[in-house]
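A.B. asks: Pasting coords_16.pdb here (PDB, C-alpha atoms):
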ATOM      1  CA  MET A   2      37.175  87.138 106.273
ATOM      2  CA  SER A   3      37.949  89.547 109.120
ATOM      3  CA  GLU A   4      35.691  90.051 112.131
ATOM      4  CA  PRO A   5      33.775  93.330 112.331
ATOM      5  CA  THR A   6      35.190  95.956 114.669
ATOM      6  CA  ALA A   7      33.091  96.682 117.758
ATOM      7  CA  LYS A   8      31.373 100.047 117.748
ATOM      8  CA  THR A   9      31.832 102.418 120.671
ATOM      9  CA  ILE A  10      28.520 103.511 122.173
ATOM     10  CA  SER A  11      28.214 106.707 124.180
ATOM     11  CA  ILE A  12      25.222 107.541 126.312
ATOM     12  CA  LEU A  13      24.843 111.262 127.029
ATOM     13  CA  ASN A  14      22.764 111.940 130.134
ATOM     14  CA  THR A  15      21.343 115.468 130.182
ATOM     15  CA  SER A  16      18.208 114.919 132.286
ATOM     16  CA  SER A  17      17.771 115.120 136.037
ATOM     17  CA  PRO A  18      17.196 111.740 137.660
ATOM     18  CA  PHE A  19      13.621 111.931 138.909
ATOM     19  CA  GLY A  20      11.749 114.425 136.715
ATOM     20  CA  GLN A  21      11.124 112.038 133.844
ATOM     21  CA  ALA A  22      12.032 108.523 132.689
ATOM     22  CA  ASN A  23      15.092 109.524 130.630
ATOM     23  CA  ALA A  24      17.647 108.847 133.365
ATOM     24  CA  LYS A  25      16.209 105.414 134.176
ATOM     25  CA  ASP A  26      15.970 104.543 130.486
ATOM     26  CA  SER A  27      19.601 105.458 129.865
ATOM     27  CA  LEU A  28      20.671 103.357 132.856
ATOM     28  CA  ASP A  29      18.726 100.365 131.526
ATOM     29  CA  ILE A  30      20.335 100.699 128.100
ATOM     30  CA  ALA A  31      23.822 101.010 129.630
ATOM     31  CA  LEU A  32      23.299  97.804 131.613
ATOM     32  CA  ILE A  33      21.979  95.984 128.537
ATOM     33  CA  MET A  34      25.009  97.107 126.517
ATOM     34  CA  GLY A  35      27.267  95.911 129.330
ATOM     35  CA  THR A  36      25.528  92.531 129.337
ATOM     36  CA  TYR A  37      26.420  92.147 125.664
ATOM     37  CA  GLU A  38      29.989  93.351 126.325
ATOM     38  CA  GLN A  39      29.590  96.422 124.132
ATOM     39  CA  VAL A  40      32.132  99.179 124.667
ATOM     40  CA  THR A  41      29.958 101.791 126.357
ATOM     41  CA  HIS A  42      30.864 105.234 127.665
ATOM     42  CA  LEU A  43      28.591 107.210 129.979
ATOM     43  CA  PHE A  44      28.576 111.007 129.858
ATOM     44  CA  PHE A  45      26.816 113.368 132.259
ATOM     45  CA  GLN A  46      26.209 116.997 131.293
ATOM     46  CA  GLY A  47      23.703 119.716 132.103
ATOM     47  CA  ASP A  48      21.042 118.527 134.541
ATOM     48  CA  GLY A  49      22.305 114.982 133.978
ATOM     49  CA  VAL A  50      25.048 115.638 136.546
ATOM     50  CA  TRP A  51      22.354 115.430 139.252
ATOM     51  CA  GLN A  52      22.307 111.672 138.625
ATOM     52  CA  LEU A  53      25.747 111.432 140.260
ATOM     53  CA  VAL A  54      25.030 113.529 143.353
ATOM     54  CA  ASN A  55      25.642 111.766 146.646
ATOM     55  CA  ASN A  56      22.989 111.209 149.352
ATOM     56  CA  GLN A  57      19.799 111.859 147.392
ATOM     57  CA  GLN A  58      16.512 110.907 149.005
ATOM     58  CA  PRO A  59      14.007 110.106 146.247
ATOM     59  CA  GLU A  60      11.736 108.296 148.691
ATOM     60  CA  SER A  61      10.843 111.707 150.094
ATOM     61  CA  ILE A  62       9.040 112.390 146.795
ATOM     62  CA  GLN A  63       7.760 108.803 146.660
ATOM     63  CA  VAL A  64      10.057 107.676 143.859
ATOM     64  CA  LYS A  65      12.086 104.476 143.724
ATOM     65  CA  ASP A  66      15.847 105.032 144.071
ATOM     66  CA  PHE A  67      17.140 103.504 140.844
ATOM     67  CA  LEU A  68      20.461 105.362 141.302
ATOM     68  CA  LYS A  69      21.610 102.554 143.602
ATOM     69  CA  THR A  70      21.908 100.453 140.453
ATOM     70  CA  PHE A  71      24.894 102.591 139.394
ATOM     71  CA  SER A  72      26.971 100.569 141.860
ATOM     72  CA  ALA A  73      26.591  97.586 139.482
ATOM     73  CA  PHE A  74      28.561  99.319 136.727
ATOM     74  CA  GLU A  75      31.765  97.472 137.585
ATOM     75  CA  PHE A  76      30.023  94.100 137.100
ATOM     76  CA  TYR A  77      28.946  95.177 133.620
ATOM     77  CA  ASP A  78      32.392  96.581 132.735
ATOM     78  CA  LEU A  79      30.992 100.110 132.520
ATOM     79  CA  GLU A  80      34.193 101.898 133.451
ATOM     80  CA  ASN A  81      34.221 104.916 131.155
ATOM     81  CA  ILE A  82      32.209 107.490 133.082
ATOM     82  CA  TYR A  83      32.677 111.188 132.344
ATOM     83  CA  VAL A  84      31.129 114.284 133.855
ATOM     84  CA  CYS A  85      31.316 117.847 132.551
ATOM     85  CA  LYS A  86      33.102 120.059 135.054
ATOM     86  CA  GLU A  87      31.344 123.178 133.759
ATOM     87  CA  SER A  88      27.932 121.599 134.451
ATOM     88  CA  LEU A  89      28.977 120.820 138.021
ATOM     89  CA  THR A  90      30.284 124.361 138.517
ATOM     90  CA  GLN A  91      27.121 125.963 137.128
ATOM     91  CA  ARG A  92      25.045 123.968 139.628
ATOM     92  CA  LYS A  93      27.498 124.553 142.494
ATOM     93  CA  LEU A  94      27.914 120.799 142.979
ATOM     94  CA  PRO A  95      30.961 119.236 144.671
ATOM     95  CA  LEU A  96      33.165 116.576 143.144
ATOM     96  CA  CYS A  97      31.597 113.974 145.428
ATOM     97  CA  PHE A  98      29.720 111.216 143.619
ATOM     98  CA  HIS A  99      27.824 108.123 144.737
ATOM     99  CA  ILE A 100      29.985 105.938 142.460
ATOM    100  CA  ASP A 101      33.727 105.634 141.931
ATOM    101  CA  ASN A 102      35.873 106.138 138.843
ATOM    102  CA  VAL A 103      34.077 109.214 137.537
ATOM    103  CA  GLN A 104      36.362 111.332 135.389
ATOM    104  CA  VAL A 105      35.687 115.054 135.576
ATOM    105  CA  LEU A 106      36.555 116.708 132.267
ATOM    106  CA  ASP A 107      36.660 120.303 131.138
ATOM    107  CA  LYS A 108      34.301 121.296 128.332
ATOM    108  CA  LYS A 109      36.851 120.754 125.538
ATOM    109  CA  ASP A 110      38.009 117.298 126.701
ATOM    110  CA  PHE A 111      34.399 116.277 127.359
ATOM    111  CA  ALA A 112      33.422 117.196 123.788
ATOM    112  CA  THR A 113      36.479 115.459 122.332
ATOM    113  CA  LYS A 114      35.712 112.184 124.138
ATOM    114  CA  LEU A 115      32.037 112.401 123.241
ATOM    115  CA  THR A 116      32.613 112.929 119.517
ATOM    116  CA  ALA A 117      35.059 110.002 119.353
ATOM    117  CA  SER A 118      32.167 107.548 119.661
ATOM    118  CA  ASP A 119      30.635 105.610 116.797
ATOM    119  CA  ILE A 120      27.105 105.743 118.234
ATOM    120  CA  LEU A 121      25.620 108.456 120.451
ATOM    121  CA  LEU A 122      22.406 108.070 122.429
ATOM    122  CA  ARG A 123      21.115 111.190 124.192
ATOM    123  CA  PHE A 124      18.757 111.173 127.132
TER
END
Rewrite the structure of this file - the entire thing - as structure tokens.

C.D. replies:
Amino acid sequence: MSEPTAKTISILNTSSPFGQANAKDSLDIALIMGTYEQVTHLFFQGDGVWQLVNNQQPESIQVKDFLKTFSAFEFYDLENIYVCKESLTQRKLPLCFHIDNVQVLDKKDFATKLTASDILLRF
């Protein structure tokens, strides 16, 4: 009997980091998937690109800075991180992120990578 093939999980982040719990929830799920060695890809599009912006100061709005946890991605083997270039351009954001190994993709390549997943979770 052959072993089942691992499913690829993609997490699409479309929410800003501090307006609601979606960004924190998606981070928690990504870390859980990494703990269980699931192949997990992280995608950032729309307002979700704000989660990658460098030098944010959430304490100024009295919110805990959970974005620091992104630096743990390498320990959880979360290496497939993609951001939509069009979303960055629309928000006039630079290609300067608070984590390494972020791949900036044009709209077509972003969609192609996203649809290649077996499971898609959107936040």

A.B. asks: Name all residues at most 8 Å from region 10-19 of chain A (count all atoms listed in the file; drop same-chain ones fewer than 3 positions away) and give them as JSON, numbers by chain.

C.D. replies: {"A": [22, 23, 24, 25, 27, 31, 39, 40, 41, 42, 43, 44, 45, 46, 47, 48, 49, 50, 51, 52, 59, 64, 115, 118, 119, 120, 121, 122, 123, 124]}

A.B. asks: If you measure from CA of Leu89 (chain A) to CA of Thr116 (chain A), what distance in Å do you get, rounded to one decimal?

C.D. replies: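 Computed distance, CA of Leu89 (chain A) to CA of Thr116 (chain A), equals 20.4 Å.
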
A.B. asks: With all atoms listed in the file as the atoms that count, which of A:Gln63, A:Thr6, A:Gln57, A:Thr113 lies nearest to Cys85 (chain A)?

C.D. replies: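 Distance minimum relative to Cys85 (chain A) lands on A:Thr113.
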
A.B. asks: Report the centre and edge lengths, in Å to one decimal, of an axis-aligned box enclosing every atom of region 25-29 of chain A listed in the file, padded by 6 Å on each side, as AutoDock Vina command-line options.

C.D. replies:
--center_x 18.3 --center_y 102.9 --center_z 132.0 --size_x 16.7 --size_y 17.1 --size_z 16.3

A.B. asks: I need the residue nearest Thr90 (chain A) from this list: A:Phe74, A:Thr36, A:Lys108, A:Leu68. Use all atoms listed in the file for the distance.

C.D. replies: A:Lys108

A.B. asks: Tell me, counting all atoms listed in the file, for each residue of region 32-56 of chain A within 8 Å of region 94-107 of chain A, which pair of atoms is nearest and how far apart they are in Å to one decimal, in rows ordered by chain and increasing number, as a tab-separated table.

C.D. replies:
residue	atom	partner	partner_atom	distance
A:Leu53	CA	A:Phe98	CA	5.2
A:Val54	CA	A:Phe98	CA	5.2
A:Asn55	CA	A:His99	CA	4.7
A:Asn56	CA	A:His99	CA	7.4

A.B. asks: Rounded to one decimal, what separation in Å do you get between CA of Ser88 (chain A) and CA of Thr9 (chain A)?

C.D. replies: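 Interatomic distance, CA of Ser88 (chain A) to CA of Thr9 (chain A): 23.9 Å.
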
A.B. asks: Would you mind reading off the distance between CA of Phe76 (chain A) and CA of Asp29 (chain A), one decimal, in Å?

C.D. replies: 14.1 Å

A.B. asks: With distances taken over only C-alpha atoms, which residue among A:Asn81, A:Ile62, A:Met34, A:Thr70 lies nearest Gly20 (chain A)?

C.D. replies: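 Checking each of A:Asn81, A:Ile62, A:Met34, A:Thr70 against Gly20 (chain A), counting only C-alpha atoms, the winner is A:Ile62.
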
A.B. asks: Since fewer atoms than expected are present, regenerate N, CA, C and O atoms for region 87-99 of chain A and write them as a CSV table (one decimal), in the frame of the given file.

C.D. replies:
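Listed below is the output, out23.csv:
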chain,number,residue,atom,x,y,z
A,87,GLU,N,32.1,121.9,133.9
A,87,GLU,CA,31.3,123.2,133.8
A,87,GLU,C,29.9,123.0,134.3
A,87,GLU,O,29.4,123.9,134.9
A,88,SER,N,29.3,121.9,134.0
A,88,SER,CA,27.9,121.6,134.5
A,88,SER,C,27.9,121.5,136.0
A,88,SER,O,26.9,122.0,136.6
A,89,LEU,N,28.9,120.9,136.6
A,89,LEU,CA,29.0,120.8,138.0
A,89,LEU,C,29.1,122.2,138.6
A,89,LEU,O,28.5,122.6,139.6
A,90,THR,N,30.0,123.0,138.0
A,90,THR,CA,30.3,124.4,138.5
A,90,THR,C,29.0,125.2,138.4
A,90,THR,O,28.7,126.0,139.4
A,91,GLN,N,28.3,125.2,137.3
A,91,GLN,CA,27.1,126.0,137.1
A,91,GLN,C,26.1,125.6,138.2
A,91,GLN,O,25.3,126.5,138.6
A,92,ARG,N,26.0,124.4,138.6
A,92,ARG,CA,25.0,124.0,139.6
A,92,ARG,C,25.6,124.0,141.0
A,92,ARG,O,24.9,123.5,142.0
A,93,LYS,N,26.8,124.5,141.2
A,93,LYS,CA,27.5,124.6,142.5
A,93,LYS,C,27.5,123.2,143.2
A,93,LYS,O,27.3,123.1,144.4
A,94,LEU,N,27.8,122.1,142.4
A,94,LEU,CA,27.9,120.8,143.0
A,94,LEU,C,29.4,120.4,143.3
A,94,LEU,O,30.3,120.7,142.5
A,95,PRO,N,29.6,119.7,144.3
A,95,PRO,CA,31.0,119.2,144.7
A,95,PRO,C,31.4,118.0,143.8
A,95,PRO,O,30.6,117.4,143.2
A,96,LEU,N,32.6,117.7,143.9
A,96,LEU,CA,33.2,116.6,143.1
A,96,LEU,C,33.1,115.3,144.0
A,96,LEU,O,34.0,114.6,144.3
A,97,CYS,N,31.9,115.1,144.5
A,97,CYS,CA,31.6,114.0,145.4
A,97,CYS,C,30.4,113.2,144.8
A,97,CYS,O,29.3,113.7,144.9
A,98,PHE,N,30.7,112.0,144.3
A,98,PHE,CA,29.7,111.2,143.6
A,98,PHE,C,29.4,109.9,144.4
A,98,PHE,O,30.2,109.5,145.2
A,99,HIS,N,28.2,109.4,144.1
A,99,HIS,CA,27.8,108.1,144.7
A,99,HIS,C,28.4,106.9,144.1
A,99,HIS,O,28.2,105.8,144.6
